[in-house]
>>> print(open('work_27.tsv').read())   # TSV, C-alpha atoms
chain	number	residue	atom	x	y	z
A	1	MET	CA	-149.85	47.22	-76.70
A	2	LYS	CA	-151.93	50.09	-78.02
A	3	VAL	CA	-153.47	52.50	-75.58
A	4	ASN	CA	-156.53	54.46	-76.55
A	5	PHE	CA	-157.31	57.65	-74.71
A	6	SER	CA	-160.67	59.29	-74.74
A	7	LYS	CA	-160.94	63.00	-75.41
A	8	SER	CA	-161.29	64.04	-71.77
A	9	GLU	CA	-158.28	61.95	-70.78
A	10	LYS	CA	-156.22	63.58	-73.52
A	11	ILE	CA	-157.27	67.01	-72.25
A	12	PHE	CA	-156.41	66.02	-68.67
A	13	LEU	CA	-152.97	64.73	-69.65
A	14	LEU	CA	-152.35	67.81	-71.76
A	15	ILE	CA	-153.26	70.10	-68.85
A	16	PHE	CA	-150.99	68.08	-66.57
A	17	LEU	CA	-148.04	68.29	-68.98
A	18	VAL	CA	-148.60	72.01	-69.65
A	19	LEU	CA	-148.77	72.64	-65.91
A	20	TYR	CA	-145.50	70.80	-65.36
A	21	PHE	CA	-143.93	72.68	-68.26
A	22	ILE	CA	-145.09	76.07	-66.94
A	23	ILE	CA	-143.70	75.20	-63.51
A	24	ALA	CA	-140.41	74.16	-65.07
A	25	VAL	CA	-140.15	77.46	-66.96
A	26	TRP	CA	-141.38	79.40	-63.91
A	27	ASN	CA	-138.61	77.94	-61.80
A	28	ALA	CA	-135.92	78.07	-64.53
A	29	GLY	CA	-132.94	80.06	-63.33
A	30	TYR	CA	-134.22	80.18	-59.77
A	31	VAL	CA	-130.67	80.80	-58.64
A	32	GLU	CA	-131.46	81.93	-55.11
A	33	PHE	CA	-131.69	78.99	-52.78
A	34	PRO	CA	-134.61	79.77	-50.48
A	35	GLU	CA	-133.17	80.64	-47.09
A	36	SER	CA	-134.92	78.05	-44.98
A	37	SER	CA	-136.18	75.41	-47.40
A	38	GLY	CA	-135.91	71.95	-45.95
A	39	LEU	CA	-136.70	73.20	-42.48
A	40	VAL	CA	-139.94	72.22	-40.80
A	41	TRP	CA	-142.45	74.68	-39.43
A	42	GLN	CA	-142.85	73.93	-35.73
A	43	MET	CA	-145.26	75.45	-33.28
A	44	LYS	CA	-144.98	75.57	-29.52
A	45	ILE	CA	-148.09	74.67	-27.60
A	46	PRO	CA	-148.38	75.11	-23.83
A	47	LEU	CA	-148.02	71.50	-22.76
A	48	PRO	CA	-145.24	70.01	-20.66
A	49	SER	CA	-142.30	67.91	-21.86
A	50	ILE	CA	-142.13	66.25	-25.28
A	51	PHE	CA	-145.73	67.04	-26.16
A	52	GLY	CA	-144.99	70.77	-26.29
A	53	VAL	CA	-144.08	70.93	-30.01
A	54	LEU	CA	-146.47	70.54	-32.92
A	55	ASN	CA	-145.84	70.25	-36.66
A	56	PRO	CA	-148.80	72.16	-38.11
A	57	MET	CA	-148.11	71.11	-41.72
A	58	THR	CA	-148.41	67.43	-40.77
A	59	VAL	CA	-151.74	68.07	-39.08
A	60	ILE	CA	-153.06	70.13	-41.99
A	61	MET	CA	-152.00	67.69	-44.72
A	62	THR	CA	-153.22	64.66	-42.74
A	63	SER	CA	-156.66	66.20	-42.32
A	64	VAL	CA	-156.71	67.18	-46.01
A	65	ILE	CA	-156.02	63.56	-47.02
A	66	ILE	CA	-158.63	62.22	-44.58
A	67	VAL	CA	-161.26	64.60	-45.97
A	68	LEU	CA	-160.25	63.64	-49.52
A	69	TRP	CA	-160.73	59.92	-48.85
A	70	ILE	CA	-164.04	60.52	-47.06
A	71	LEU	CA	-165.31	62.40	-50.12
A	72	VAL	CA	-164.06	59.70	-52.48
A	73	SER	CA	-165.68	56.94	-50.45
A	74	LEU	CA	-168.98	58.83	-50.23
A	75	LYS	CA	-168.95	59.24	-54.00
A	76	PHE	CA	-168.06	55.56	-54.40
A	77	LYS	CA	-170.95	54.48	-52.17
A	78	LYS	CA	-173.46	56.76	-53.88
A	79	HIS	CA	-172.87	55.49	-57.42
A	80	LEU	CA	-172.51	51.80	-56.55
A	81	SER	CA	-173.99	49.59	-59.28
A	82	LYS	CA	-173.86	46.06	-60.72
A	83	ILE	CA	-172.33	47.34	-63.95
A	84	PRO	CA	-169.29	49.20	-62.67
A	85	SER	CA	-168.40	52.60	-63.95
A	86	ARG	CA	-164.76	53.38	-64.66
A	87	PHE	CA	-164.25	55.03	-61.25
A	88	GLN	CA	-165.84	52.08	-59.43
A	89	SER	CA	-163.79	49.48	-61.27
A	90	ALA	CA	-160.58	51.39	-60.57
A	91	ILE	CA	-161.30	51.40	-56.83
A	92	GLU	CA	-162.38	47.76	-56.93
A	93	LEU	CA	-159.16	46.80	-58.73
A	94	LEU	CA	-157.08	48.54	-56.08
A	95	LEU	CA	-158.98	46.98	-53.18
A	96	SER	CA	-159.08	43.47	-54.63
A	97	PHE	CA	-155.33	43.70	-55.16
A	98	ILE	CA	-154.88	44.25	-51.41
A	99	TYR	CA	-157.52	41.66	-50.59
A	100	ASP	CA	-155.62	38.98	-52.52
A	101	LEU	CA	-152.45	39.94	-50.70
A	102	VAL	CA	-154.13	39.62	-47.29
A	103	ASP	CA	-156.00	36.46	-48.24
A	104	ASN	CA	-152.80	34.71	-49.31
A	105	SER	CA	-150.81	35.47	-46.18
A	106	ILE	CA	-153.26	35.38	-43.25
A	107	PRO	CA	-153.65	31.76	-42.08
A	108	VAL	CA	-156.92	32.28	-40.16
A	109	LYS	CA	-159.92	32.69	-42.46
A	110	LYS	CA	-162.00	34.42	-39.77
A	111	LEU	CA	-159.54	37.29	-39.44
A	112	VAL	CA	-159.03	37.99	-43.15
A	113	LYS	CA	-161.67	40.72	-43.29
A	114	PRO	CA	-160.57	42.75	-40.22
A	115	VAL	CA	-156.95	42.63	-41.34
A	116	PHE	CA	-158.05	43.67	-44.82
A	117	TYR	CA	-159.89	46.74	-43.49
A	118	PHE	CA	-156.88	47.70	-41.38
A	119	SER	CA	-154.21	47.24	-44.03
A	120	SER	CA	-156.17	48.75	-46.91
A	121	THR	CA	-156.76	51.89	-44.84
A	122	LEU	CA	-153.03	52.12	-44.18
A	123	PHE	CA	-152.23	51.54	-47.85
A	124	LEU	CA	-154.65	54.15	-49.20
A	125	PHE	CA	-153.55	56.83	-46.74
A	126	ILE	CA	-149.82	56.26	-47.25
A	127	LEU	CA	-150.18	56.02	-51.03
A	128	VAL	CA	-151.90	59.40	-51.30
A	129	SER	CA	-149.56	61.10	-48.87
A	130	ASN	CA	-146.50	59.78	-50.73
A	131	ILE	CA	-147.89	60.84	-54.09
A	132	LEU	CA	-148.57	64.34	-52.73
A	133	GLY	CA	-144.79	64.49	-52.24
A	134	GLY	CA	-144.42	64.32	-56.04
A	135	ILE	CA	-146.83	67.07	-56.98
A	136	PRO	CA	-145.57	70.65	-56.92
A	137	GLY	CA	-147.59	72.84	-54.63
A	138	ILE	CA	-147.55	75.24	-51.73
A	139	SER	CA	-144.85	74.72	-49.15
A	140	VAL	CA	-144.43	76.60	-45.91
A	141	SER	CA	-141.06	77.07	-44.25
A	142	PRO	CA	-139.96	79.13	-41.28
A	143	VAL	CA	-137.74	82.20	-41.61
A	144	ASN	CA	-136.27	84.38	-38.89
A	145	ASN	CA	-139.54	86.03	-37.93
A	146	GLY	CA	-142.63	84.36	-39.25
A	147	LEU	CA	-143.26	82.08	-42.20
A	148	SER	CA	-142.45	82.17	-45.88
A	149	ILE	CA	-144.99	80.59	-48.21
A	150	ASN	CA	-143.47	79.31	-51.45
A	151	PHE	CA	-145.53	78.49	-54.53
A	152	PHE	CA	-144.41	75.73	-56.87
A	153	ASN	CA	-140.72	75.59	-56.03
A	154	ASP	CA	-141.23	72.59	-53.79
A	155	THR	CA	-143.74	69.78	-53.53
A	156	TRP	CA	-146.62	69.54	-51.09
A	157	TYR	CA	-145.47	68.58	-47.63
A	158	SER	CA	-145.97	64.84	-47.30
A	159	PRO	CA	-147.17	63.68	-43.85
A	160	THR	CA	-145.04	60.54	-44.17
A	161	ALA	CA	-141.91	62.73	-44.33
A	162	ASP	CA	-142.52	63.27	-40.61
A	163	LEU	CA	-141.29	60.49	-38.34
A	164	ASN	CA	-144.19	61.03	-35.92
A	165	THR	CA	-146.74	59.84	-38.49
A	166	ASN	CA	-144.77	56.75	-39.45
A	167	LEU	CA	-143.95	55.76	-35.89
A	168	THR	CA	-147.61	56.12	-34.95
A	169	TYR	CA	-148.64	53.75	-37.73
A	170	ALA	CA	-145.87	51.26	-36.94
A	171	ILE	CA	-146.83	51.13	-33.25
A	172	MET	CA	-150.47	50.85	-34.29
A	173	VAL	CA	-149.56	47.81	-36.43
A	174	LEU	CA	-147.70	46.26	-33.47
A	175	ILE	CA	-150.63	46.73	-31.08
A	176	ALA	CA	-153.12	45.53	-33.69
A	177	SER	CA	-151.06	42.39	-34.28
A	178	TYR	CA	-151.13	41.67	-30.53
A	179	ILE	CA	-154.89	42.23	-30.41
A	180	PHE	CA	-155.46	39.86	-33.33
A	181	ALA	CA	-153.17	37.27	-31.75
A	182	ILE	CA	-154.92	37.47	-28.35
A	183	LYS	CA	-158.30	37.22	-30.06
A	184	HIS	CA	-157.22	34.15	-32.00
A	185	LYS	CA	-155.10	32.25	-29.45
A	186	GLY	CA	-156.14	33.57	-26.06
A	187	LEU	CA	-154.06	35.59	-23.62
A	188	LYS	CA	-152.20	32.67	-22.06
A	189	GLU	CA	-151.13	31.08	-25.32
A	190	TRP	CA	-150.02	34.46	-26.67
A	191	ALA	CA	-147.90	35.25	-23.60
A	192	LYS	CA	-146.31	31.82	-23.90
A	193	GLY	CA	-144.89	32.92	-27.25
A	194	PHE	CA	-142.48	35.26	-25.48
A	195	ILE	CA	-140.75	32.41	-23.65
A	196	SER	CA	-141.15	30.02	-26.55
A	197	PRO	CA	-137.86	28.10	-26.83
A	198	SER	CA	-136.87	28.69	-23.20
A	199	PRO	CA	-137.40	31.41	-20.53
A	200	PHE	CA	-133.83	32.63	-21.09
A	201	MET	CA	-134.89	33.94	-24.49
A	202	LEU	CA	-137.32	36.47	-22.95
A	203	PRO	CA	-135.05	39.56	-23.29
A	204	MET	CA	-134.14	38.62	-26.86
A	205	ASN	CA	-137.80	38.20	-27.78
A	206	ILE	CA	-138.76	41.55	-26.25
A	207	LEU	CA	-135.89	43.28	-28.09
A	208	GLY	CA	-136.99	41.65	-31.32
A	209	GLU	CA	-140.54	42.87	-30.82
A	210	LEU	CA	-139.39	46.43	-30.03
A	211	SER	CA	-137.04	46.67	-33.02
A	212	ARG	CA	-139.90	45.83	-35.36
A	213	PRO	CA	-141.82	49.16	-35.32
A	214	ILE	CA	-138.53	51.07	-35.42
A	215	SER	CA	-137.29	49.44	-38.63
A	216	HIS	CA	-140.83	49.50	-40.04
A	217	SER	CA	-141.23	53.24	-39.56
A	218	PHE	CA	-137.67	54.32	-40.38
A	219	ARG	CA	-137.88	52.55	-43.74
A	220	LEU	CA	-140.76	54.74	-44.90
A	221	PHE	CA	-139.40	57.88	-43.24
A	222	GLY	CA	-135.94	57.45	-44.77
A	223	ASN	CA	-137.30	56.92	-48.25
A	224	ILE	CA	-139.68	59.88	-48.27
A	225	ALA	CA	-137.64	62.40	-46.28
A	226	GLY	CA	-134.39	61.35	-47.95
A	227	GLY	CA	-136.01	61.64	-51.37
A	228	ALA	CA	-137.30	65.11	-50.53
A	229	LEU	CA	-133.85	66.26	-49.37
A	230	ILE	CA	-132.08	64.74	-52.39
A	231	SER	CA	-134.52	66.35	-54.82
A	232	LEU	CA	-134.10	69.69	-53.03
A	233	MET	CA	-130.32	69.39	-53.46
A	234	LEU	CA	-130.55	68.37	-57.13
A	235	CYS	CA	-132.96	71.24	-57.81
A	236	TYR	CA	-130.46	73.63	-56.29
A	237	LEU	CA	-127.52	72.19	-58.25
A	238	THR	CA	-129.37	72.47	-61.57
A	239	LYS	CA	-130.79	75.92	-60.77
A	240	TYR	CA	-134.39	74.70	-60.98
A	241	THR	CA	-134.42	73.87	-64.69
A	242	ILE	CA	-136.18	70.81	-66.14
A	243	VAL	CA	-134.66	68.38	-63.59
A	244	PRO	CA	-137.13	69.01	-60.69
A	245	VAL	CA	-140.03	67.59	-62.70
A	246	VAL	CA	-138.18	64.31	-63.31
A	247	VAL	CA	-136.89	64.03	-59.74
A	248	TRP	CA	-140.24	64.83	-58.14
A	249	GLY	CA	-141.96	62.34	-60.41
A	250	PHE	CA	-139.43	59.60	-59.61
A	251	PHE	CA	-139.36	60.07	-55.84
A	252	GLY	CA	-143.04	60.90	-55.45
A	253	PHE	CA	-144.81	58.48	-57.76
A	254	PHE	CA	-142.42	55.54	-58.28
A	255	ILE	CA	-140.68	55.28	-54.90
A	256	GLY	CA	-143.81	56.47	-53.09
A	257	ALA	CA	-146.05	53.77	-54.56
A	258	ILE	CA	-143.45	51.06	-53.92
A	259	GLN	CA	-142.92	52.15	-50.33
A	260	ALA	CA	-146.65	52.30	-49.60
A	261	TYR	CA	-146.92	48.74	-50.90
A	262	VAL	CA	-143.89	47.62	-48.87
A	263	PHE	CA	-145.31	49.17	-45.69
A	264	THR	CA	-148.61	47.36	-46.19
A	265	ILE	CA	-147.06	44.01	-47.07
A	266	LEU	CA	-144.82	44.18	-43.98
A	267	ALA	CA	-147.76	45.09	-41.75
A	268	VAL	CA	-149.67	42.04	-43.04
A	269	ALA	CA	-146.57	39.87	-42.61
A	270	TYR	CA	-146.10	41.01	-39.00
A	271	ILE	CA	-149.74	40.31	-38.19
A	272	SER	CA	-149.65	36.87	-39.81
A	273	ALA	CA	-146.40	36.03	-37.96
A	274	GLN	CA	-148.20	36.67	-34.67
A	275	LEU	CA	-151.09	34.40	-35.65
A	276	GLU	CA	-149.02	31.28	-36.25
B	1	MET	CA	-116.95	81.96	-43.13
B	2	THR	CA	-116.05	82.66	-39.55
B	3	ASP	CA	-112.67	81.99	-38.00
B	4	PHE	CA	-112.18	78.57	-36.51
B	5	THR	CA	-110.03	77.58	-33.63
B	6	MET	CA	-107.87	74.53	-34.25
B	7	ALA	CA	-110.17	72.21	-32.30
B	8	GLN	CA	-113.29	73.33	-34.20
B	9	ALA	CA	-111.48	72.89	-37.51
B	10	VAL	CA	-110.49	69.34	-36.58
B	11	VAL	CA	-114.09	68.54	-35.60
B	12	GLN	CA	-115.37	70.01	-38.87
B	13	ALA	CA	-112.88	68.00	-40.93
B	14	ALA	CA	-113.76	64.85	-39.01
B	15	LYS	CA	-117.45	65.47	-39.75
B	16	TYR	CA	-116.83	65.58	-43.50
B	17	ILE	CA	-114.59	62.51	-43.43
B	18	GLY	CA	-117.15	60.64	-41.32
B	19	THR	CA	-120.00	61.56	-43.65
B	20	GLY	CA	-118.08	60.28	-46.64
B	21	LEU	CA	-117.20	57.07	-44.86
B	22	VAL	CA	-120.80	56.52	-43.70
B	23	MET	CA	-122.22	56.94	-47.19
B	24	GLY	CA	-119.51	54.91	-48.90
B	25	LEU	CA	-119.59	51.97	-46.53
B	26	GLY	CA	-123.35	52.17	-46.12
B	27	ALA	CA	-123.89	51.99	-49.87
B	28	LEU	CA	-121.70	48.90	-50.14
B	29	GLY	CA	-124.11	46.41	-48.58
B	30	PRO	CA	-127.28	47.42	-50.46
B	31	ALA	CA	-125.28	47.50	-53.72
B	32	LEU	CA	-124.12	43.91	-53.25
B	33	GLY	CA	-127.60	42.82	-52.21
B	34	GLU	CA	-129.34	44.49	-55.12
B	35	GLY	CA	-126.83	43.09	-57.56
B	36	ASN	CA	-127.54	39.63	-56.18
B	37	ILE	CA	-131.30	40.15	-56.47
B	38	GLY	CA	-130.96	41.41	-60.03
B	39	SER	CA	-128.78	38.52	-61.18
B	40	LYS	CA	-131.05	35.90	-59.63
B	41	ALA	CA	-134.12	37.55	-61.14
B	42	MET	CA	-132.45	37.53	-64.57
B	43	GLU	CA	-131.69	33.83	-64.19
B	44	ALA	CA	-135.27	33.11	-63.19
B	45	MET	CA	-136.60	35.15	-66.12
B	46	ALA	CA	-134.35	33.32	-68.56
B	47	ARG	CA	-135.54	29.98	-67.22
B	48	GLN	CA	-139.24	30.90	-67.22
B	49	PRO	CA	-139.97	33.72	-69.68
B	50	GLU	CA	-143.72	33.46	-69.03
B	51	MET	CA	-143.23	34.60	-65.40
B	52	VAL	CA	-141.53	37.91	-66.32
B	53	GLY	CA	-144.31	40.13	-64.96
B	54	THR	CA	-144.52	38.50	-61.54
B	55	ILE	CA	-140.75	38.26	-61.14
B	56	THR	CA	-140.26	41.93	-62.03
B	57	THR	CA	-142.76	43.03	-59.37
B	58	ARG	CA	-141.19	40.83	-56.72
B	59	MET	CA	-137.73	42.04	-57.75
B	60	ILE	CA	-138.67	45.69	-57.32
B	61	LEU	CA	-140.21	44.87	-53.93
B	62	ALA	CA	-137.08	43.06	-52.77
B	63	ASP	CA	-134.96	45.97	-54.05
B	64	ALA	CA	-137.04	48.41	-52.00
B	65	ILE	CA	-136.51	46.38	-48.84
B	66	THR	CA	-132.79	45.89	-49.48
B	67	GLU	CA	-132.30	49.61	-50.08
B	68	THR	CA	-133.39	50.42	-46.53
B	69	THR	CA	-130.01	49.92	-44.88
B	70	GLY	CA	-128.53	52.36	-47.38
B	71	LEU	CA	-131.20	54.86	-46.42
B	72	TYR	CA	-130.35	54.46	-42.74
B	73	ALA	CA	-126.79	55.40	-43.69
B	74	LEU	CA	-128.12	58.44	-45.59
B	75	LEU	CA	-130.06	59.57	-42.51
B	76	ILE	CA	-127.00	59.18	-40.31
B	77	ALA	CA	-124.95	61.15	-42.83
B	78	PHE	CA	-127.46	64.01	-42.77
B	79	MET	CA	-127.53	63.92	-38.97
B	80	ILE	CA	-123.73	64.13	-38.81
B	81	LEU	CA	-123.71	67.11	-41.18
B	82	LEU	CA	-126.57	69.02	-39.54
B	83	PHE	CA	-125.91	68.60	-35.83
>>> encode(input="work_27.tsv", output="structure tokens")
Amino acid sequence: MKVNFSKSEKIFLLIFLVLYFIIAVWNAGYVEFPESSGLVWQMKIPLPSIFGVLNPMTVIMTSVIIVLWILVSLKFKKHLSKIPSRFQSAIELLLSFIYDLVDNSIPVKKLVKPVFYFSSTLFLFILVSNILGGIPGISVSPVNNGLSINFFNDTWYSPTADLNTNLTYAIMVLIASYIFAIKHKGLKEWAKGFISPSPFMLPMNILGELSRPISHSFRLFGNIAGGALISLMLCYLTKYTIVPVVVWGFFGFFIGAIQAYVFTILAVAYISAQLE
Amino acid sequence: MTDFTMAQAVVQAAKYIGTGLVMGLGALGPALGEGNIGSKAMEAMARQPEMVGTITTRMILADAITETTGLYALLIAFMILLF
């Protein structure tokens, strides 16, 4: 297979490689391990109980990604045409890939479109936030008094490396699957599913339902947060020479894309299991 | 390094031993599962070489799901070390 790049693509790739190379040289021999790297910046807000702590980086990066996708979708809508441009066909390829996935696994034809909107939104958000975890950028970590802002010795903070984000999405998937099931089957028929073989199975069924969002969210969290910690450790062991580039690329792009896909495919599978 | 009392030293040693055990035993299951997935995928590819693309994608997906239990073990190991 021969791949032809246009001139602008070559320039873009060259800039990307040079940037990575500069970062690698910049960080070469970074013997000092930053005091508090790996810790999360937390902020106390005056609210009672468990709602009293906030992770500002999660909020900031989440809003950045939301704004990014709003801009992309506005641009997509503005230049919509019968003969697709390169940008339009890339987005269409991505969305039709998810549409085929949903279309193949949802048994009710009427609900294919709502499930598609739901799951493609999840996929796009998680994909971008995982990939941000593979791009070197500005990271903020707490020190004794105040914050230390590090440039290019760690990746951007990925919102999916925070369990709160993942658990929110997993619970959202659970509630959405119930809503779809109630809409399709009716409340009575849906509630009957909990005592399906016999009423004695009710506790087992409830436990099974509750364990679903936990395994669903911990899978994504473990991959992204574990990858971030492992790459931090490997960067320290190799004194920030060439290795970080490879490790960030592997954990951010490869594992991140696979895990975004796995999260989406499991969400669709959970919804379709409720509809049967 | 500060001075430890005997009890603290025992707890510290037990933490390290427990972390090693968690990672070792936790990596065992996913390793067996992924080996199984890989061998079956190879068999399928040898039987139907025209399906290589599809089978590779599905194989990577199944690997990602199988890996999860290993990652739970990694999280537990980190929690033992940090707390």
>>> residues_around(input="work_27.tsv", residues="Ala13 in chain B", least_positions_apart="5", cutoff="12 Å", atoms="all atoms listed in the file", output="number ranges by chain")
B: 4, 6-8, 18-20, 80-81
>>> interface_residues(input="work_27.tsv", of="chain B", to="chain A", cutoff="7 Å", atoms="only C-alpha atoms", output="PyMOL selection string")
chain B and resi 61+68+71-72+75
>>> residues_around(input="work_27.tsv", residues="Phe125 in chain A", least_positions_apart="4", cutoff="8 Å", atoms="only C-alpha atoms", output="count of residues only")
4
>>> atom_distance(input="work_27.tsv", atom1="CA of Leu207 in chain A", atom2="CA of Leu174 in chain A")
13.3 Å
>>> atom_distance(input="work_27.tsv", atom1="CA of Ala176 in chain A", atom2="CA of Leu210 in chain A")
14.2 Å
>>> closest_residue(input="work_27.tsv", among="A:Gly133, A:Ser141, A:Val102, A:Val245", to="Ala269 in chain A", atoms="all atoms listed in the file")
A:Val102
>>> closest_residue(input="work_27.tsv", among="A:Val247, A:Lys113, A:Gly256, A:Trp156", to="Ile230 in chain A", atoms="only C-alpha atoms")
A:Val247
>>> closest_residue(input="work_27.tsv", among="A:Phe118, A:Phe152, A:Trp248, A:Tyr20", to="Leu232 in chain A", atoms="only C-alpha atoms")
A:Trp248
>>> closest_residue(input="work_27.tsv", among="A:Ala257, A:Ala191, A:Leu71, A:Met201", to="Ile60 in chain B", atoms="only C-alpha atoms")
A:Ala257
>>> atom_distance(input="work_27.tsv", atom1="CA of Pro213 in chain A", atom2="CA of Ala273 in chain A")
14.2 Å
>>> residues_around(input="work_27.tsv", residues="range 51-61 of chain A", least_positions_apart="5", cutoff="10 Å", atoms="all atoms listed in the file", output="compact mmCIF listing (two decimals) with C-alpha atoms, in the coordinates of the input")
# COMPACT_ATOMS: atom_id res chain seq x y z
CA VAL A 40 -139.94 72.22 -40.80
CA TRP A 41 -142.45 74.68 -39.43
CA GLN A 42 -142.85 73.93 -35.73
CA MET A 43 -145.26 75.45 -33.28
CA LYS A 44 -144.98 75.57 -29.52
CA ILE A 45 -148.09 74.67 -27.60
CA PRO A 46 -148.38 75.11 -23.83
CA ILE A 66 -158.63 62.22 -44.58
CA VAL A 67 -161.26 64.60 -45.97
CA SER A 129 -149.56 61.10 -48.87
CA LEU A 132 -148.57 64.34 -52.73
CA SER A 139 -144.85 74.72 -49.15
CA VAL A 140 -144.43 76.60 -45.91
CA SER A 141 -141.06 77.07 -44.25
CA TRP A 156 -146.62 69.54 -51.09
CA TYR A 157 -145.47 68.58 -47.63
CA SER A 158 -145.97 64.84 -47.30
CA PRO A 159 -147.17 63.68 -43.85
CA THR A 160 -145.04 60.54 -44.17
CA ALA A 161 -141.91 62.73 -44.33
CA ASP A 162 -142.52 63.27 -40.61
CA ASN A 164 -144.19 61.03 -35.92
CA THR A 165 -146.74 59.84 -38.49
>>> residues_around(input="work_27.tsv", residues="range 21-28 of chain B", least_positions_apart="5", cutoff="7 Å", atoms="only C-alpha atoms", output="PyMOL selection string")
chain B and resi 70+73-74+77
>>> write_last_selection(input="work_27.tsv", atoms="C-alpha atoms", output="compact mmCIF listing (two decimals), in the coordinates of the input")
# COMPACT_ATOMS: atom_id res chain seq x y z
CA GLY B 70 -128.53 52.36 -47.38
CA ALA B 73 -126.79 55.40 -43.69
CA LEU B 74 -128.12 58.44 -45.59
CA ALA B 77 -124.95 61.15 -42.83
>>> closest_residue(input="work_27.tsv", among="B:Phe83, B:Thr54, B:Gly35, B:Met45", to="Thr66 in chain B", atoms="only C-alpha atoms")
B:Gly35
>>> decode(input="work_27.tsv", residues="range 126-138 of chain A", atoms="N, CA and C atoms", output="compact mmCIF listing (two decimals), in the first residue's frame")
# COMPACT_ATOMS: atom_id res chain seq x y z
N ILE A 126 -15.22 10.64 24.86
CA ILE A 126 -14.21 9.81 25.52
C ILE A 126 -12.98 9.65 24.64
N LEU A 127 -13.19 9.58 23.32
CA LEU A 127 -12.05 9.46 22.40
C LEU A 127 -11.13 10.67 22.54
N VAL A 128 -11.71 11.88 22.49
CA VAL A 128 -10.86 13.07 22.56
C VAL A 128 -10.20 13.18 23.92
N SER A 129 -10.94 12.85 24.99
CA SER A 129 -10.32 13.02 26.30
C SER A 129 -9.23 11.98 26.53
N ASN A 130 -9.36 10.78 25.94
CA ASN A 130 -8.27 9.80 26.06
C ASN A 130 -7.06 10.23 25.25
N ILE A 131 -7.31 10.77 24.05
CA ILE A 131 -6.19 11.14 23.20
C ILE A 131 -5.44 12.33 23.78
N LEU A 132 -6.15 13.22 24.49
CA LEU A 132 -5.47 14.32 25.18
C LEU A 132 -4.47 13.78 26.19
N GLY A 133 -4.73 12.57 26.73
CA GLY A 133 -3.78 11.96 27.66
C GLY A 133 -2.52 11.47 26.99
N GLY A 134 -2.41 11.59 25.66
CA GLY A 134 -1.20 11.17 24.96
C GLY A 134 -0.45 12.32 24.36
N ILE A 135 -0.93 13.53 24.58
CA ILE A 135 -0.28 14.70 23.99
C ILE A 135 0.38 15.50 25.11
N PRO A 136 1.67 15.74 25.04
CA PRO A 136 2.33 16.50 26.10
C PRO A 136 1.79 17.91 26.17
N GLY A 137 1.60 18.38 27.39
CA GLY A 137 1.03 19.71 27.55
C GLY A 137 1.25 20.23 28.95
N ILE A 138 0.35 21.10 29.37
CA ILE A 138 0.49 21.76 30.66
C ILE A 138 -0.20 20.91 31.72
